[in-house]
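Visitor: File structure-v9.csv follows (CSV, C-alpha atoms and all ligand atoms):
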```
chain,number,residue,atom,x,y,z
R,1335,ALA,CA,-50.7,-9.8,-55.8
R,1336,THR,CA,-49.9,-7.9,-52.6
R,1337,PRO,CA,-48.6,-4.6,-54.0
R,1338,THR,CA,-51.6,-4.2,-56.4
R,1339,ALA,CA,-54.1,-5.0,-53.6
R,1340,LEU,CA,-52.5,-2.5,-51.4
R,1341,LEU,CA,-52.5,0.1,-54.0
R,1342,VAL,CA,-56.2,-0.4,-54.6
R,1343,GLY,CA,-56.7,-0.3,-50.8
R,1344,THR,CA,-54.8,3.0,-50.4
R,1345,GLY,CA,-56.4,4.6,-53.5
R,1346,ARG,CA,-59.9,3.7,-52.3
R,1347,GLY,CA,-58.7,4.8,-48.8
R,1348,ALA,CA,-57.9,8.2,-50.2
R,1349,GLN,CA,-61.4,8.4,-51.7
R,1350,LEU,CA,-62.9,7.5,-48.4
R,1351,GLY,CA,-60.7,10.0,-46.5
R,1352,VAL,CA,-58.6,7.3,-44.9
R,1353,LEU,CA,-54.8,7.6,-45.0
R,1354,ILE,CA,-52.9,4.3,-44.6
R,1355,LYS,CA,-49.4,4.4,-43.2
R,1356,GLY,CA,-48.2,1.1,-44.7
R,1357,PRO,CA,-49.1,-2.4,-45.6
R,1358,GLU,CA,-48.1,-4.0,-42.3
R,1359,ALA,CA,-50.5,-1.6,-40.6
R,1360,LEU,CA,-53.5,-3.6,-41.8
R,1361,GLU,CA,-52.3,-7.1,-40.9
R,1362,SER,CA,-54.2,-7.6,-37.7
R,1363,THR,CA,-57.4,-6.0,-38.9
R,1364,ARG,CA,-59.2,-9.2,-39.8
R,1365,ARG,CA,-58.9,-10.4,-36.2
R,1366,VAL,CA,-60.0,-7.1,-34.6
R,1367,ASP,CA,-62.9,-7.8,-32.3
R,1368,THR,CA,-62.9,-4.7,-30.0
R,1369,VAL,CA,-62.9,-1.0,-30.9
R,1370,VAL,CA,-61.8,1.3,-28.1
R,1371,LEU,CA,-63.1,4.9,-28.6
R,1372,ASP,CA,-61.6,7.9,-26.9
R,1373,LYS,CA,-64.4,10.2,-25.8
R,1374,THR,CA,-63.4,13.9,-26.1
R,1375,GLY,CA,-62.7,14.8,-29.7
R,1376,THR,CA,-63.4,11.4,-31.0
R,1377,VAL,CA,-67.0,10.4,-30.0
R,1378,THR,CA,-67.7,14.1,-29.1
R,1379,THR,CA,-66.7,17.2,-31.0
R,1380,GLY,CA,-64.1,18.2,-28.4
R,1381,ARG,CA,-65.3,21.8,-28.7
R,1382,MET,CA,-66.4,22.5,-25.2
R,1383,SER,CA,-68.2,25.5,-23.9
R,1384,LEU,CA,-68.4,26.9,-20.4
R,1385,LEU,CA,-72.0,26.4,-19.1
R,1386,ALA,CA,-71.9,27.5,-15.5
R,1387,VAL,CA,-69.6,29.1,-12.9
R,1388,THR,CA,-70.5,28.4,-9.2
R,1389,PRO,CA,-68.5,30.5,-6.7
R,1390,GLY,CA,-67.9,28.9,-3.3
R,1391,GLY,CA,-69.1,30.6,-0.2
R,1392,GLY,CA,-67.8,34.2,0.1
R,1393,GLU,CA,-66.2,34.2,-3.4
R,1394,ARG,CA,-67.2,36.4,-6.4
R,1395,ARG,CA,-68.1,34.7,-9.6
R,1396,ASP,CA,-65.9,37.0,-11.8
R,1397,GLU,CA,-62.9,36.6,-9.6
R,1398,VAL,CA,-63.2,32.8,-9.7
R,1399,LEU,CA,-63.5,32.9,-13.5
R,1400,ARG,CA,-60.7,35.5,-13.9
R,1401,LEU,CA,-58.2,33.3,-12.0
R,1402,ALA,CA,-59.3,30.1,-13.7
R,1403,ALA,CA,-59.1,31.6,-17.2
R,1404,ALA,CA,-55.7,33.2,-16.5
R,1405,LEU,CA,-54.4,29.7,-15.6
R,1406,GLU,CA,-56.1,28.0,-18.5
R,1407,ASN,CA,-54.6,30.5,-20.9
R,1408,GLY,CA,-51.5,28.3,-20.8
R,1409,SER,CA,-53.2,25.1,-21.7
R,1410,GLU,CA,-54.4,23.7,-25.0
R,1411,HIS,CA,-56.9,21.3,-23.4
R,1412,PRO,CA,-60.5,21.5,-24.7
R,1413,VAL,CA,-61.6,22.3,-21.1
R,1414,ALA,CA,-59.1,25.1,-21.0
R,1415,ARG,CA,-60.3,26.6,-24.3
R,1416,ALA,CA,-63.8,26.6,-23.0
R,1417,VAL,CA,-62.9,28.4,-19.8
R,1418,VAL,CA,-60.8,31.1,-21.6
R,1419,ALA,CA,-63.6,31.7,-24.2
R,1420,GLY,CA,-66.2,31.8,-21.4
R,1421,ALA,CA,-64.2,34.5,-19.6
R,1422,ALA,CA,-64.3,37.1,-22.4
R,1423,ASP,CA,-66.3,39.5,-20.2
R,1424,VAL,CA,-64.1,39.5,-17.1
R,1425,GLY,CA,-61.4,41.8,-18.4
R,1426,VAL,CA,-57.7,41.4,-19.1
R,1427,LEU,CA,-56.4,38.2,-17.6
R,1428,PRO,CA,-53.5,38.5,-15.1
R,1429,PRO,CA,-50.1,36.9,-15.9
R,1430,VAL,CA,-49.3,33.5,-14.6
R,1431,THR,CA,-45.9,32.3,-13.3
R,1432,ASP,CA,-44.8,28.8,-12.4
R,1433,PHE,CA,-47.4,27.3,-14.8
R,1434,ALA,CA,-47.6,23.6,-14.8
R,1435,ASN,CA,-49.7,21.1,-16.7
R,1436,VAL,CA,-50.7,18.0,-14.7
R,1437,ALA,CA,-51.7,15.5,-17.5
R,1438,GLY,CA,-55.2,14.2,-17.2
R,1439,LEU,CA,-55.9,16.1,-14.0
R,1440,GLY,CA,-55.6,19.9,-14.6
R,1441,VAL,CA,-53.2,22.8,-14.2
R,1442,SER,CA,-51.5,24.9,-11.6
R,1443,GLY,CA,-49.7,28.2,-11.3
R,1444,ALA,CA,-49.2,31.4,-9.4
R,1445,VAL,CA,-51.7,34.2,-10.2
R,1446,ASP,CA,-52.0,37.5,-8.4
R,1447,GLY,CA,-49.7,36.2,-5.7
R,1448,ARG,CA,-51.8,33.1,-5.1
R,1449,GLN,CA,-50.9,29.5,-5.8
R,1450,VAL,CA,-53.9,28.4,-7.9
R,1451,LEU,CA,-54.9,24.8,-8.7
R,1452,LEU,CA,-57.5,23.9,-11.2
R,1453,GLY,CA,-58.9,20.6,-12.5
R,1454,ARG,CA,-60.4,17.3,-11.3
R,1455,ALA,CA,-61.4,17.1,-7.6
R,1456,ARG,CA,-58.8,14.4,-7.3
R,1457,LEU,CA,-56.0,16.9,-8.2
R,1458,LEU,CA,-57.1,19.4,-5.5
R,1459,GLU,CA,-57.5,16.7,-2.9
R,1460,GLU,CA,-54.1,15.2,-3.7
R,1461,ARG,CA,-52.5,18.6,-3.1
R,1462,GLY,CA,-54.3,18.9,0.2
R,1463,LEU,CA,-57.0,21.4,-0.7
R,1464,VAL,CA,-60.4,20.9,1.1
R,1465,VAL,CA,-63.5,20.7,-1.1
R,1466,PRO,CA,-66.4,22.3,0.8
R,1467,ASP,CA,-69.7,20.4,0.7
R,1468,ASP,CA,-71.6,23.0,-1.3
R,1469,LEU,CA,-69.0,22.8,-4.2
R,1470,ALA,CA,-68.8,19.0,-3.9
R,1471,ARG,CA,-72.6,18.9,-4.3
R,1472,ALA,CA,-72.6,21.3,-7.2
R,1473,ALA,CA,-70.0,19.1,-8.9
R,1474,THR,CA,-72.1,16.0,-8.5
R,1475,ASP,CA,-75.1,17.8,-9.9
R,1476,ALA,CA,-73.2,19.1,-12.9
R,1477,GLU,CA,-71.8,15.6,-13.6
R,1478,ALA,CA,-75.3,14.1,-13.3
R,1479,ALA,CA,-76.3,16.5,-16.1
R,1480,GLY,CA,-73.5,15.1,-18.2
R,1481,ARG,CA,-71.2,18.1,-17.7
R,1482,THR,CA,-67.5,17.9,-16.8
R,1483,ALA,CA,-67.0,19.6,-13.5
R,1484,VAL,CA,-63.7,21.4,-12.9
R,1485,LEU,CA,-62.7,22.9,-9.5
R,1486,VAL,CA,-60.5,25.9,-8.9
R,1487,GLY,CA,-58.9,26.6,-5.6
R,1488,TRP,CA,-56.3,28.5,-3.6
R,1489,ASP,CA,-55.3,29.0,0.0
R,1490,GLY,CA,-56.1,25.5,1.1
R,1491,GLN,CA,-59.6,25.1,-0.4
R,1492,ALA,CA,-61.6,24.8,-3.5
R,1493,ARG,CA,-63.3,28.2,-4.2
R,1494,GLY,CA,-65.3,27.7,-7.4
R,1495,LEU,CA,-66.7,25.2,-9.8
R,1496,LEU,CA,-66.7,25.5,-13.6
R,1497,ALA,CA,-69.1,23.2,-15.6
R,1498,VAL,CA,-68.2,22.6,-19.3
R,1499,ALA,CA,-69.6,20.3,-21.9
R,1500,ASP,CA,-69.3,19.4,-25.6
R,1501,GLN,CA,-71.6,17.5,-27.8
R,1502,VAL,CA,-71.7,14.1,-29.3
R,1503,LYS,CA,-70.8,14.2,-33.1
R,1504,PRO,CA,-74.0,13.8,-35.1
R,1505,THR,CA,-72.8,10.5,-36.7
R,1506,SER,CA,-71.3,8.8,-33.6
R,1507,ARG,CA,-74.4,6.8,-32.8
R,1508,GLU,CA,-74.8,5.5,-36.3
R,1509,ALA,CA,-71.0,4.6,-36.4
R,1510,VAL,CA,-71.4,2.6,-33.2
R,1511,ARG,CA,-74.4,0.8,-34.6
R,1512,ARG,CA,-72.3,-0.1,-37.7
R,1513,LEU,CA,-69.3,-1.3,-35.6
R,1514,ARG,CA,-71.7,-3.7,-33.9
R,1515,ALA,CA,-73.1,-4.8,-37.2
R,1516,LEU,CA,-69.5,-5.7,-38.2
R,1517,GLY,CA,-69.3,-7.9,-35.1
R,1518,LEU,CA,-67.1,-5.5,-33.2
R,1519,ARG,CA,-67.4,-4.6,-29.5
R,1520,PRO,CA,-67.2,-0.8,-28.8
R,1521,VAL,CA,-65.6,0.4,-25.6
R,1522,LEU,CA,-65.6,4.1,-24.4
R,1523,LEU,CA,-62.3,5.1,-22.8
R,1524,THR,CA,-61.8,8.5,-21.2
R,1525,GLY,CA,-60.0,10.5,-18.6
R,1526,ASP,CA,-63.3,12.3,-17.9
R,1527,ASN,CA,-65.4,11.3,-14.9
R,1528,ALA,CA,-67.5,8.2,-14.9
R,1529,THR,CA,-70.9,9.9,-14.8
R,1530,VAL,CA,-70.2,12.0,-17.9
R,1531,ALA,CA,-68.7,9.0,-19.6
R,1532,ARG,CA,-71.8,6.9,-19.0
R,1533,ALA,CA,-74.1,9.7,-20.2
R,1534,VAL,CA,-72.1,9.9,-23.5
R,1535,ALA,CA,-71.9,6.2,-23.8
R,1536,ALA,CA,-75.7,5.8,-23.4
R,1537,GLU,CA,-76.3,8.5,-26.0
R,1538,VAL,CA,-74.3,6.7,-28.7
R,1539,GLY,CA,-75.2,3.1,-27.6
R,1540,ILE,CA,-72.1,1.9,-25.9
R,1541,ASP,CA,-72.4,-0.2,-22.7
R,1542,GLU,CA,-68.7,-0.9,-21.9
R,1543,VAL,CA,-67.2,2.2,-20.3
R,1544,ILE,CA,-63.7,2.7,-18.8
R,1545,ALA,CA,-63.5,6.2,-17.3
R,1546,GLU,CA,-61.2,8.4,-15.0
R,1547,VAL,CA,-58.2,6.9,-16.7
R,1548,LEU,CA,-55.0,8.9,-16.6
R,1549,PRO,CA,-53.2,9.6,-19.8
R,1550,THR,CA,-50.4,7.2,-18.8
R,1551,GLU,CA,-53.0,4.5,-18.0
R,1552,LYS,CA,-54.8,4.4,-21.4
R,1553,VAL,CA,-52.0,2.3,-22.9
R,1554,GLU,CA,-52.3,-0.2,-19.9
R,1555,VAL,CA,-56.1,-0.5,-20.5
R,1556,VAL,CA,-55.4,-1.5,-24.2
R,1557,ALA,CA,-52.7,-3.9,-23.1
R,1558,ARG,CA,-55.1,-5.4,-20.5
R,1559,LEU,CA,-57.8,-6.0,-23.1
R,1560,GLN,CA,-55.2,-7.6,-25.4
R,1561,GLY,CA,-54.1,-9.8,-22.4
R,1562,GLU,CA,-57.7,-11.0,-22.2
R,1563,GLY,CA,-57.4,-12.2,-25.8
R,1564,ARG,CA,-59.1,-9.3,-27.5
R,1565,VAL,CA,-57.7,-7.9,-30.7
R,1566,VAL,CA,-58.0,-4.1,-30.3
R,1567,ALA,CA,-58.5,-1.2,-32.7
R,1568,MET,CA,-58.3,2.2,-31.0
R,1569,VAL,CA,-59.6,5.5,-32.3
R,1570,GLY,CA,-58.3,8.7,-30.7
R,1571,ASP,CA,-57.1,12.2,-31.2
R,1572,GLY,CA,-55.2,13.5,-28.2
R,1573,VAL,CA,-51.6,13.6,-26.9
R,1574,ASN,CA,-53.0,11.4,-24.2
R,1575,ASP,CA,-54.1,8.7,-26.7
R,1576,ALA,CA,-50.8,8.4,-28.5
R,1577,ALA,CA,-49.3,5.5,-26.5
R,1578,ALA,CA,-52.6,3.6,-26.5
R,1579,LEU,CA,-52.9,4.1,-30.3
R,1580,ALA,CA,-49.4,2.6,-30.8
R,1581,GLN,CA,-50.2,-0.3,-28.4
R,1582,ALA,CA,-53.4,-1.1,-30.2
R,1583,ASP,CA,-53.4,-3.8,-32.9
R,1584,LEU,CA,-54.8,-1.1,-35.2
R,1585,GLY,CA,-54.5,2.5,-34.3
R,1586,LEU,CA,-56.8,5.1,-36.0
R,1587,ALA,CA,-56.2,8.8,-35.5
R,1588,MET,CA,-58.7,11.6,-36.1
R,1589,GLY,CA,-57.1,13.9,-38.7
R,1590,THR,CA,-58.2,16.8,-36.6
R,1591,GLY,CA,-56.2,15.4,-33.7
R,1592,THR,CA,-52.7,16.1,-32.5
R,1593,ASP,CA,-49.6,15.3,-34.5
R,1594,VAL,CA,-48.4,12.8,-31.9
R,1595,ALA,CA,-51.7,10.8,-32.2
R,1596,ILE,CA,-51.4,10.8,-36.0
R,1597,GLU,CA,-47.8,9.7,-35.8
R,1598,ALA,CA,-48.6,6.8,-33.4
R,1599,SER,CA,-51.4,5.5,-35.6
R,1600,ASP,CA,-51.7,3.1,-38.6
R,1601,LEU,CA,-54.5,4.9,-40.2
R,1602,THR,CA,-55.6,8.6,-40.2
R,1603,LEU,CA,-59.2,9.6,-40.7
R,1604,VAL,CA,-59.3,12.7,-42.8
R,1605,ARG,CA,-63.0,13.3,-42.1
R,1606,ASP,CA,-63.8,14.5,-38.6
R,1607,ASP,CA,-66.4,11.8,-38.3
R,1608,LEU,CA,-66.6,8.4,-36.6
R,1609,LEU,CA,-68.2,6.8,-39.7
R,1610,ALA,CA,-64.8,7.2,-41.3
R,1611,ALA,CA,-63.5,4.7,-38.7
R,1612,VAL,CA,-66.1,2.2,-39.8
R,1613,ASP,CA,-65.2,2.8,-43.4
R,1614,ALA,CA,-61.5,2.4,-42.6
R,1615,ILE,CA,-62.0,-1.0,-40.8
R,1616,ARG,CA,-64.2,-2.2,-43.6
R,1617,LEU,CA,-61.7,-1.1,-46.2
R,1618,ALA,CA,-58.8,-2.7,-44.3
R,1619,ARG,CA,-60.7,-6.0,-44.2
R,1620,ALA,CA,-61.6,-5.8,-47.9
R,1621,THR,CA,-58.0,-5.0,-48.8
R,1622,LEU,CA,-56.7,-7.9,-46.8
R,1623,GLY,CA,-59.4,-10.2,-48.4
R,1624,THR,CA,-57.7,-9.7,-51.7
R,1625,ILE,CA,-54.2,-10.4,-50.4
R,1626,LYS,CA,-53.5,-14.0,-50.3
X,1701,LIG,P1,-60.1,12.6,-22.4
X,1701,LIG,O1,-59.6,11.2,-22.1
X,1701,LIG,O2,-61.6,12.6,-22.4
X,1701,LIG,O3,-59.5,13.1,-23.7
X,1701,LIG,P2,-58.2,14.0,-20.6
X,1701,LIG,O4,-57.3,12.8,-20.1
X,1701,LIG,O5,-57.5,14.9,-21.5
X,1701,LIG,O6,-59.6,13.5,-21.1
X,1701,LIG,O7,-58.6,14.8,-19.3
X,1701,LIG,C1,-59.3,14.2,-18.3
X,1701,LIG,C2,-59.9,15.2,-17.3
X,1701,LIG,O8,-58.8,15.9,-16.7
X,1701,LIG,C3,-60.7,16.2,-17.9
X,1701,LIG,O9,-62.1,15.7,-18.1
X,1701,LIG,C4,-60.6,17.3,-16.9
X,1701,LIG,O10,-61.5,17.1,-15.9
X,1701,LIG,C5,-59.2,17.2,-16.4
X,1701,LIG,N1,-58.3,18.1,-17.1
X,1701,LIG,C6,-57.3,17.8,-17.8
X,1701,LIG,N2,-56.6,19.0,-18.3
X,1701,LIG,C7,-57.3,20.0,-17.8
X,1701,LIG,C8,-57.2,21.4,-17.9
X,1701,LIG,N3,-56.3,22.0,-18.6
X,1701,LIG,N4,-58.2,22.2,-17.3
X,1701,LIG,C9,-59.2,21.6,-16.6
X,1701,LIG,N5,-59.3,20.3,-16.5
X,1701,LIG,C10,-58.4,19.5,-17.0
X,1702,MG,MG,-59.6,13.0,-27.0
```
Mind turning this structure into structure tokens?
Ligand code: ADP
Ligand code: MG

Guide:
Amino acid sequence: ATPTALLVGTGRGAQLGVLIKGPEALESTRRVDTVVLDKTGTVTTGRMSLLAVTPGGGERRDEVLRLAAALENGSEHPVARAVVAGAADVGVLPPVTDFANVAGLGVSGAVDGRQVLLGRARLLEERGLVVPDDLARAATDAEAAGRTAVLVGWDGQARGLLAVADQVKPTSREAVRRLRALGLRPVLLTGDNATVARAVAAEVGIDEVIAEVLPTEKVEVVARLQGEGRVVAMVGDGVNDAAALAQADLGLAMGTGTDVAIEASDLTLVRDDLLAAVDAIRLARATLGTIK
């Protein structure tokens, strides 16, 4: 009966916009009790916009934005796209040399003869830059408002703050409600700061939040949950989710996500919508129910 049941499952899957990699993919679905959701691009749209630029003392707004955007030009990160798009009015961006991407933390490079660092406060602090009190306060305020705060600095200190944000997808809250109705525990997992993560979690009805997780640590979080006896489905879209998607008992990739995330997953959700994840889990369960 197995081949027919799977055929039905995959046919129905195609209708629902769920692509199933192979029969083995679904084996653990019945026991899944936890659904780990990546934040940016999965629960939220991942299309961020630049909402505010705060120059540090003595700096000019346009100069802060110009250097920041020049650096972010080399990155595909949603934060980077927002910064570049938000800098359309500051003129031609200067070239960058020695560009480096620091996964889950930010970017660095040489612009206009300065060594510029941009990203989470943790990155600047790790590299020995001082974060002045006024910028630290502005960052806290931005985060309290649910925005992701990114610092840019050179010559030993942070010199500006960029606040970016995206929006929760319209169906995310309903999807979380349906996951609970299926008896599943939703968990929000993100590299973003804890305040923003909690704000998004509250908006969609999730109370378990794991934030400020480096890309390399996401897989460890999934493994830890499994070590506690939980059977984990993970939904993600980013390069930084790939290892965790592969580690999960059931990996679900957003079809709008990166190729590596899709490659690492058991299921791909063609619709850019978290309700598709609920349909996929239901479908996987139903398909298994007919396989004896
Ligand atoms: P998520 O888990 O939500 O997909 P990431 O791990 O990709 O988040 O990034 C975590 C955090 O690292 C971001 O919220 C941002 O603060 C910082 N960051 C990463 N890359 C960049 C970048 N190119 N520019 C600015 N900030 C970045
Ligand atoms: Mg993501």

Visitor: Please identify every polymer residue within 8 Å of ligand LIG 1701 (chain X), using only C-alpha atoms and all ligand atoms, and present the set as an NGL selection string.

Guide: :R and (1372-1375 or 1406 or 1409-1414 or 1435-1441 or 1452-1454 or 1482-1484 or 1523-1527 or 1545-1549 or 1571-1572 or 1574-1575)

Visitor: Do you have the atom CA of Arg1564 of chain R-atom CA of Arg1514 of chain R distance handy?

Guide: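 So the answer is 15.2 Å.
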
Visitor: Excluding segment 1352-1363 of chain R and residues on its chain fewer than 3 positions from it, collect all residues at most 7 Å away from it, counting only C-alpha atoms, and give them as a list in words.

Guide: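 My list of contacting residues is Leu1340, Thr1344, Gly1347, Ala1348, Val1366, Asp1583, Leu1584, Asp1600, Leu1601, Thr1602, Leu1603, Val1604, Ala1614, Ala1618 and Arg1619 of chain R.
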
Visitor: Please provide the set of residues having any atom within 7 Å of Ala1478 of chain R, restricted to all atoms listed in the file, with same-chain residues fewer than 3 positions apart removed, written as a VMD selection string.

Guide: chain R and resid 1474 to 1475 1529

Visitor: Find the spatial neighbours of Val1445 of chain R, counting all atoms listed in the file, within a cut-off of 9 Å - ignore same-chain residues fewer than 5 positions away - and output them as a ChimeraX atom specification.

Guide: /R:1401,1404-1405,1428-1431,1450

Visitor: Counting all atoms listed in the file, find the residues whose atoms lie at most 6 Å from (-63.7, -7.7, -29.4) (file coordinates) and write them out as a short mmCIF file (atom, residue, chain, number, x, y, z; two decimals) with C-alpha atoms, in the coordinates of the input.

Guide:
```cif
data_model
loop_
_atom_site.label_atom_id
_atom_site.label_comp_id
_atom_site.auth_asym_id
_atom_site.auth_seq_id
_atom_site.Cartn_x
_atom_site.Cartn_y
_atom_site.Cartn_z
CA ASP R 1367 -62.90 -7.80 -32.30
CA THR R 1368 -62.90 -4.70 -30.00
CA LEU R 1518 -67.10 -5.50 -33.20
CA ARG R 1519 -67.40 -4.60 -29.50
CA ARG R 1564 -59.10 -9.30 -27.50
#
```

Visitor: Can you tell me how far atom CA of Ala1580 of chain R sits from atom CA of Gln1501 of chain R, in Å to one decimal?

Guide: 26.9 Å
